Amino acid sequence: MAYKILVLKGDGIGPEVVGEALQVLKVIARRSAIDIEFKEAHIGGHAIDHFGTPMPEETLKHAQDSDAILLGAVGGPKWDNPNATVRPEQALLGLRKALGLFANVRPVRAVKELLGASPLKPEIISAVDLVVVRELTGGIYYGQPSEKRNTAGGREGVDTCFYTEAEIARVLRFAFELARNRRRKLTSVDKANVLSTSRLWREIATEIAREFKDVACEHQLVDSMAMHLLRRPKDFDVIVTENMFGDILTDEASVLAGSMGLLPSASLGEELNSAGCRVGLYEPIHGSAPDIAGRDEANPLAAILSAAMLLEHSLGMRPEAEVIEQAVDAVVKDGHRTRDLAGGSGTKTVGCKAMGRLVREKIESFDA
Ligand code: IPM
Ligand code: MG
């Protein structure tokens, strides 16, 4: 039976970068004789324009019927009105929630040839190899009440940070398991000196740590973690944290890798579906970058590496994922750079399409 993959290109540079990632997947599928059925659907701002909603019902139906989803990015200035009740980002939050994708995995790796692309000193970032596990379906992103309102005393805004024990425990267990298969070090990040949800988080992390005696577990407050991440990033292996802290820390962590355009992500649920696949949503951590959309300047590598994560986590094909990762490394090593990484001596600046083609040619050259 064919694997079902839903492709949601989205807005801005989404269609460009996912277009390249999709072609890479097709090369891998042909090469390894994997039967994949691709479907495309609408999401985000352009879905608002065409259907009045960022996630048309048909998109959700296809998503629920897929083994994995490859997504570009949503949003843009056209839909940014702060008073709008319908926003592109709602589609992303809705999809994560509807599919139960509670564990967002964001690996950050320093690539030797790209050390110069980061504003940080090479000796600080060389050999960085960490993964942030961000809780993705709870916390302040989803808690109720959440609204902006007018009262006799003036305008008010409220958001609610809410977590259940079960939500915290499952993402912590996921992160401990991951650490067990890596360097066996886990850093749990919270704000337990101020927030009740964080005190619960720390209590549960301490309890679960007893089940994973082979993993060294430490706790960090999110503010000092933001500092340690730039000062001594090599000390971290798996970092686990709640939804909003993870959102913020992963943008910060992208500076370690040199560019947002390099970082992929996987959002995973608990269950295996009837095809034996762990359903997942795979997307670059970068946004829709409307300023460069349609100019063939975007870096497709984060989307391509997201496709590699899809093969590994949803289809259970680690060797195929590795082929993509090795091809990306080799193309970078050959000196090819998109504009976000441009500038080093001996390098050549290429566009989005050319970068995608170089990765595919590299994969094909492995067979020659
Ligand atoms: C991310 C993004 C999203 C988030 C936005 C687009 C809603 O920043 O995936 O990190 O905040 O989760
Ligand atoms: Mg973010």
# chains A, B, ... in the order shown; residues from 1 in each chain; ligands from 1
call {"tool": "residues_near_ligand", "arguments": {"ligand": "ligand 2", "cutoff": "10 Å", "atoms": "only C-alpha atoms and all ligand atoms", "output": "ChimeraX atom specification"}}
result
/A:243-252,285-287
call {"tool": "select_by_dssp", "arguments": {"residues": "range 81-266 of chain A", "states": "helix (DSSP H, G or I)", "output": "PyMOL selection string"}}
result
chain A and resi 88-98+112-117+122-125+139-141+165-180+196-209+222-231+233-235+243-257+260-262
call {"tool": "closest_residue", "arguments": {"among": "A:Thr338, A:Asn273, A:Asn193, A:Ser265", "to": "Glu312 in chain A", "atoms": "only C-alpha atoms"}}
result
A:Ser265
call {"tool": "residues_around", "arguments": {"residues": "Leu310 in chain A", "least_positions_apart": "3", "cutoff": "8 Å", "atoms": "only C-alpha atoms", "output": "list in words"}}
result
Ala68, Leu70, Ala266, Gly280, Leu281, Tyr282, Ser306, Ala307, His313, Ser314, Leu315 and Ala321 of chain A
call {"tool": "atom_distance", "arguments": {"atom1": "CA of Cys217 in chain A", "atom2": "CA of Lys185 in chain A"}}
result
6.1 Å
call {"tool": "residues_around", "arguments": {"residues": "Lys39 in chain A", "least_positions_apart": "5", "cutoff": "7 Å", "atoms": "only C-alpha atoms", "output": "list in words"}}
result
Ile5, Leu6 and Val7 of chain A
call {"tool": "select_by_dssp", "arguments": {"residues": "range 88-268 of chain A", "states": "strand (DSSP E)", "output": "ChimeraX atom specification"}}
result
/A:103-109,129-135,143-151,154-160,185-190,216-221,238-241,264-268
call {"tool": "write_last_selection", "arguments": {"atoms": "C-alpha atoms", "output": "mmCIF file, in the first residue's frame"}}
result
data_model
loop_
_atom_site.group_PDB
_atom_site.id
_atom_site.type_symbol
_atom_site.label_atom_id
_atom_site.label_comp_id
_atom_site.auth_asym_id
_atom_site.auth_seq_id
_atom_site.Cartn_x
_atom_site.Cartn_y
_atom_site.Cartn_z
ATOM 1 C CA ALA A 103 6.113 16.750 20.607
ATOM 2 C CA ASN A 104 7.919 19.248 18.419
ATOM 3 C CA VAL A 105 11.452 18.115 17.687
ATOM 4 C CA ARG A 106 13.933 20.776 16.544
ATOM 5 C CA PRO A 107 17.513 19.572 16.044
ATOM 6 C CA VAL A 108 20.324 22.156 15.923
ATOM 7 C CA ARG A 109 23.668 21.101 14.553
ATOM 8 C CA ASP A 129 24.678 19.073 18.480
ATOM 9 C CA LEU A 130 21.453 19.494 20.410
ATOM 10 C CA VAL A 131 17.743 18.858 20.059
ATOM 11 C CA VAL A 132 14.992 21.000 21.494
ATOM 12 C CA VAL A 133 11.765 19.148 22.300
ATOM 13 C CA ARG A 134 9.005 21.719 22.520
ATOM 14 C CA GLU A 135 5.578 20.857 23.937
ATOM 15 C CA GLY A 143 -5.453 28.090 27.346
ATOM 16 C CA GLN A 144 -8.829 29.793 27.815
ATOM 17 C CA PRO A 145 -9.763 32.541 28.363
ATOM 18 C CA SER A 146 -7.723 34.246 25.671
ATOM 19 C CA GLU A 147 -9.067 37.570 24.452
ATOM 20 C CA LYS A 148 -8.707 41.289 24.030
ATOM 21 C CA ARG A 149 -11.720 43.115 25.480
ATOM 22 C CA ASN A 150 -13.102 46.544 26.287
ATOM 23 C CA THR A 151 -14.251 47.291 29.809
ATOM 24 C CA GLY A 154 -10.256 50.558 29.638
ATOM 25 C CA ARG A 155 -8.976 47.803 27.353
ATOM 26 C CA GLU A 156 -7.770 44.492 28.773
ATOM 27 C CA GLY A 157 -6.037 41.460 27.353
ATOM 28 C CA VAL A 158 -5.856 37.998 28.841
ATOM 29 C CA ASP A 159 -4.097 34.735 27.937
ATOM 30 C CA THR A 160 -4.099 31.627 30.052
ATOM 31 C CA LYS A 185 21.686 14.356 29.059
ATOM 32 C CA LEU A 186 18.384 16.173 29.498
ATOM 33 C CA THR A 187 17.849 19.819 30.381
ATOM 34 C CA SER A 188 14.307 20.641 31.465
ATOM 35 C CA VAL A 189 13.523 24.343 31.117
ATOM 36 C CA ASP A 190 10.850 26.153 33.128
ATOM 37 C CA ALA A 216 21.407 12.912 33.626
ATOM 38 C CA CYS A 217 18.624 15.409 34.231
ATOM 39 C CA GLU A 218 19.073 19.063 35.135
ATOM 40 C CA HIS A 219 16.623 21.960 35.499
ATOM 41 C CA GLN A 220 17.179 25.465 34.159
ATOM 42 C CA LEU A 221 15.097 28.596 34.439
ATOM 43 C CA VAL A 238 18.256 17.265 24.700
ATOM 44 C CA ILE A 239 16.410 20.353 25.922
ATOM 45 C CA VAL A 240 12.733 19.944 26.799
ATOM 46 C CA THR A 241 10.328 22.762 27.547
ATOM 47 C CA PRO A 264 13.956 21.505 10.123
ATOM 48 C CA SER A 265 11.337 20.317 12.568
ATOM 49 C CA ALA A 266 9.071 17.368 13.222
ATOM 50 C CA SER A 267 5.834 17.531 15.187
ATOM 51 C CA LEU A 268 4.861 14.091 16.369
#
call {"tool": "closest_residue", "arguments": {"among": "A:Val332, A:Ile28, A:Leu301, A:Met260", "to": "Cys352 in chain A", "atoms": "only C-alpha atoms"}}
result
A:Leu301
call {"tool": "closest_residue", "arguments": {"among": "A:Leu93, A:Met227, A:Ile304, A:Ile125", "to": "ligand 1", "atoms": "only C-alpha atoms and all ligand atoms"}}
result
A:Leu93
call {"tool": "atom_distance", "arguments": {"atom1": "CA of Ser288 in chain A", "atom2": "CA of Glu242 in chain A"}}
result
23.8 Å
call {"tool": "closest_residue", "arguments": {"among": "A:Ile36, A:Val86, A:Leu120, A:Val74", "to": "Leu8 in chain A", "atoms": "only C-alpha atoms"}}
result
A:Val74
call {"tool": "residues_around", "arguments": {"residues": "Phe38 in chain A", "least_positions_apart": "3", "cutoff": "12 Å", "atoms": "only C-alpha atoms", "output": "list of chain:residue names"}}
result
A:Ala2, A:Tyr3, A:Lys4, A:Ile5, A:Leu6, A:Val7, A:Leu8, A:Leu22, A:Gln23, A:Leu25, A:Lys26, A:Ala29, A:Asp35, A:Ala41, A:His62, A:Ala63, A:Asp65, A:Ser66, A:Asp67, A:Ala68, A:Ile69, A:Leu70
call {"tool": "atom_distance", "arguments": {"atom1": "CA of Glu297 in chain A", "atom2": "CA of Asp11 in chain A"}}
result
15.0 Å
call {"tool": "residues_around", "arguments": {"residues": "Leu95 in chain A", "least_positions_apart": "4", "cutoff": "12 Å", "atoms": "only C-alpha atoms", "output": "JSON, numbers by chain"}}
result
{"A": [8, 43, 44, 54, 55, 56, 57, 59, 60, 61, 62, 63, 64, 69, 71, 88, 89, 90, 91, 99, 100, 101, 102, 136, 137, 267, 268, 269, 279, 280, 281, 282]}
call {"tool": "residues_around", "arguments": {"residues": "Val24 in chain A", "least_positions_apart": "3", "cutoff": "12 Å", "atoms": "only C-alpha atoms", "output": "MDAnalysis selection string"}}
result
chainID A and resid 17:21 27:31 300:301 303:308 311 320:321 323:325 327:328 353 355:364
call {"tool": "closest_residue", "arguments": {"among": "A:Tyr141, A:Trp79, A:Phe212, A:Phe176", "to": "ligand 1", "atoms": "only C-alpha atoms and all ligand atoms"}}
result
A:Tyr141
call {"tool": "decode", "arguments": {"residues": "range 46-77 of chain A", "atoms": "N, CA and C atoms", "output": "PDB file, in the first residue's frame"}}
result
ATOM      1  N   HIS A  46      -3.480  32.305   1.824  1.00  0.00           N
ATOM      2  CA  HIS A  46      -4.152  32.186   0.526  1.00  0.00           C
ATOM      3  C   HIS A  46      -5.430  31.353   0.649  1.00  0.00           C
ATOM      4  N   ALA A  47      -5.490  30.474   1.664  1.00  0.00           N
ATOM      5  CA  ALA A  47      -6.747  29.737   1.900  1.00  0.00           C
ATOM      6  C   ALA A  47      -7.819  30.704   2.422  1.00  0.00           C
ATOM      7  N   ILE A  48      -7.403  31.679   3.222  1.00  0.00           N
ATOM      8  CA  ILE A  48      -8.353  32.708   3.680  1.00  0.00           C
ATOM      9  C   ILE A  48      -8.911  33.448   2.465  1.00  0.00           C
ATOM     10  N   ASP A  49      -8.008  33.820   1.544  1.00  0.00           N
ATOM     11  CA  ASP A  49      -8.442  34.557   0.351  1.00  0.00           C
ATOM     12  C   ASP A  49      -9.441  33.745  -0.480  1.00  0.00           C
ATOM     13  N   HIS A  50      -9.198  32.455  -0.630  1.00  0.00           N
ATOM     14  CA  HIS A  50     -10.047  31.644  -1.515  1.00  0.00           C
ATOM     15  C   HIS A  50     -11.268  31.042  -0.835  1.00  0.00           C
ATOM     16  N   PHE A  51     -11.105  30.690   0.472  1.00  0.00           N
ATOM     17  CA  PHE A  51     -12.195  29.943   1.122  1.00  0.00           C
ATOM     18  C   PHE A  51     -12.720  30.627   2.381  1.00  0.00           C
ATOM     19  N   GLY A  52     -12.121  31.762   2.758  1.00  0.00           N
ATOM     20  CA  GLY A  52     -12.576  32.482   3.946  1.00  0.00           C
ATOM     21  C   GLY A  52     -12.103  31.869   5.255  1.00  0.00           C
ATOM     22  N   THR A  53     -11.305  30.810   5.179  1.00  0.00           N
ATOM     23  CA  THR A  53     -10.772  30.172   6.390  1.00  0.00           C
ATOM     24  C   THR A  53      -9.343  29.698   6.124  1.00  0.00           C
ATOM     25  N   PRO A  54      -8.444  29.791   7.130  1.00  0.00           N
ATOM     26  CA  PRO A  54      -7.056  29.389   6.882  1.00  0.00           C
ATOM     27  C   PRO A  54      -6.898  27.862   6.758  1.00  0.00           C
ATOM     28  N   MET A  55      -7.898  27.118   7.282  1.00  0.00           N
ATOM     29  CA  MET A  55      -7.821  25.657   7.131  1.00  0.00           C
ATOM     30  C   MET A  55      -9.162  25.116   6.658  1.00  0.00           C
ATOM     31  N   PRO A  56      -9.359  25.057   5.342  1.00  0.00           N
ATOM     32  CA  PRO A  56     -10.608  24.525   4.806  1.00  0.00           C
ATOM     33  C   PRO A  56     -10.827  23.098   5.318  1.00  0.00           C
ATOM     34  N   GLU A  57     -12.093  22.723   5.440  1.00  0.00           N
ATOM     35  CA  GLU A  57     -12.427  21.400   5.987  1.00  0.00           C
ATOM     36  C   GLU A  57     -11.744  20.269   5.216  1.00  0.00           C
ATOM     37  N   GLU A  58     -11.641  20.484   3.899  1.00  0.00           N
ATOM     38  CA  GLU A  58     -11.037  19.451   3.066  1.00  0.00           C
ATOM     39  C   GLU A  58      -9.567  19.229   3.444  1.00  0.00           C
ATOM     40  N   THR A  59      -8.885  20.324   3.790  1.00  0.00           N
ATOM     41  CA  THR A  59      -7.477  20.220   4.191  1.00  0.00           C
ATOM     42  C   THR A  59      -7.355  19.377   5.457  1.00  0.00           C
ATOM     43  N   LEU A  60      -8.216  19.654   6.425  1.00  0.00           N
ATOM     44  CA  LEU A  60      -8.173  18.896   7.676  1.00  0.00           C
ATOM     45  C   LEU A  60      -8.474  17.416   7.417  1.00  0.00           C
ATOM     46  N   LYS A  61      -9.452  17.180   6.525  1.00  0.00           N
ATOM     47  CA  LYS A  61      -9.809  15.788   6.204  1.00  0.00           C
ATOM     48  C   LYS A  61      -8.627  15.046   5.573  1.00  0.00           C
ATOM     49  N   HIS A  62      -7.978  15.690   4.612  1.00  0.00           N
ATOM     50  CA  HIS A  62      -6.795  15.073   3.990  1.00  0.00           C
ATOM     51  C   HIS A  62      -5.710  14.844   5.037  1.00  0.00           C
ATOM     52  N   ALA A  63      -5.543  15.831   5.937  1.00  0.00           N
ATOM     53  CA  ALA A  63      -4.492  15.715   6.958  1.00  0.00           C
ATOM     54  C   ALA A  63      -4.755  14.509   7.844  1.00  0.00           C
ATOM     55  N   GLN A  64      -6.023  14.343   8.228  1.00  0.00           N
ATOM     56  CA  GLN A  64      -6.359  13.218   9.108  1.00  0.00           C
ATOM     57  C   GLN A  64      -6.223  11.880   8.404  1.00  0.00           C
ATOM     58  N   ASP A  65      -6.219  11.926   7.086  1.00  0.00           N
ATOM     59  CA  ASP A  65      -6.160  10.708   6.293  1.00  0.00           C
ATOM     60  C   ASP A  65      -4.722  10.411   5.817  1.00  0.00           C
ATOM     61  N   SER A  66      -3.745  11.232   6.258  1.00  0.00           N
ATOM     62  CA  SER A  66      -2.376  11.087   5.745  1.00  0.00           C
ATOM     63  C   SER A  66      -1.471  10.394   6.749  1.00  0.00           C
ATOM     64  N   ASP A  67      -0.375   9.848   6.247  1.00  0.00           N
ATOM     65  CA  ASP A  67       0.633   9.269   7.126  1.00  0.00           C
ATOM     66  C   ASP A  67       1.607  10.346   7.598  1.00  0.00           C
ATOM     67  N   ALA A  68       1.756  11.384   6.784  1.00  0.00           N
ATOM     68  CA  ALA A  68       2.664  12.471   7.154  1.00  0.00           C
ATOM     69  C   ALA A  68       2.312  13.705   6.334  1.00  0.00           C
ATOM     70  N   ILE A  69       2.692  14.856   6.875  1.00  0.00           N
ATOM     71  CA  ILE A  69       2.382  16.123   6.206  1.00  0.00           C
ATOM     72  C   ILE A  69       3.658  16.938   6.081  1.00  0.00           C
ATOM     73  N   LEU A  70       3.882  17.451   4.892  1.00  0.00           N
ATOM     74  CA  LEU A  70       5.023  18.336   4.663  1.00  0.00           C
ATOM     75  C   LEU A  70       4.475  19.740   4.456  1.00  0.00           C
ATOM     76  N   LEU A  71       4.924  20.669   5.284  1.00  0.00           N
ATOM     77  CA  LEU A  71       4.352  22.014   5.249  1.00  0.00           C
ATOM     78  C   LEU A  71       5.435  23.079   5.040  1.00  0.00           C
ATOM     79  N   GLY A  72       5.086  24.137   4.322  1.00  0.00           N
ATOM     80  CA  GLY A  72       6.047  25.225   4.086  1.00  0.00           C
ATOM     81  C   GLY A  72       5.981  26.246   5.200  1.00  0.00           C
ATOM     82  N   ALA A  73       5.126  27.241   5.039  1.00  0.00           N
ATOM     83  CA  ALA A  73       4.979  28.284   6.059  1.00  0.00           C
ATOM     84  C   ALA A  73       3.655  28.981   5.812  1.00  0.00           C
ATOM     85  N   VAL A  74       3.117  29.611   6.843  1.00  0.00           N
ATOM     86  CA  VAL A  74       1.872  30.365   6.658  1.00  0.00           C
ATOM     87  C   VAL A  74       2.044  31.801   7.147  1.00  0.00           C
ATOM     88  N   GLY A  75       1.242  32.697   6.565  1.00  0.00           N
ATOM     89  CA  GLY A  75       1.211  34.080   7.044  1.00  0.00           C
ATOM     90  C   GLY A  75       1.887  35.060   6.104  1.00  0.00           C
ATOM     91  N   GLY A  76       1.690  36.341   6.394  1.00  0.00           N
ATOM     92  CA  GLY A  76       2.262  37.408   5.583  1.00  0.00           C
ATOM     93  C   GLY A  76       1.577  38.716   5.932  1.00  0.00           C
ATOM     94  N   PRO A  77       2.160  39.838   5.489  1.00  0.00           N
ATOM     95  CA  PRO A  77       1.641  41.155   5.881  1.00  0.00           C
ATOM     96  C   PRO A  77       0.183  41.371   5.475  1.00  0.00           C
TER      97      PRO A  77
END
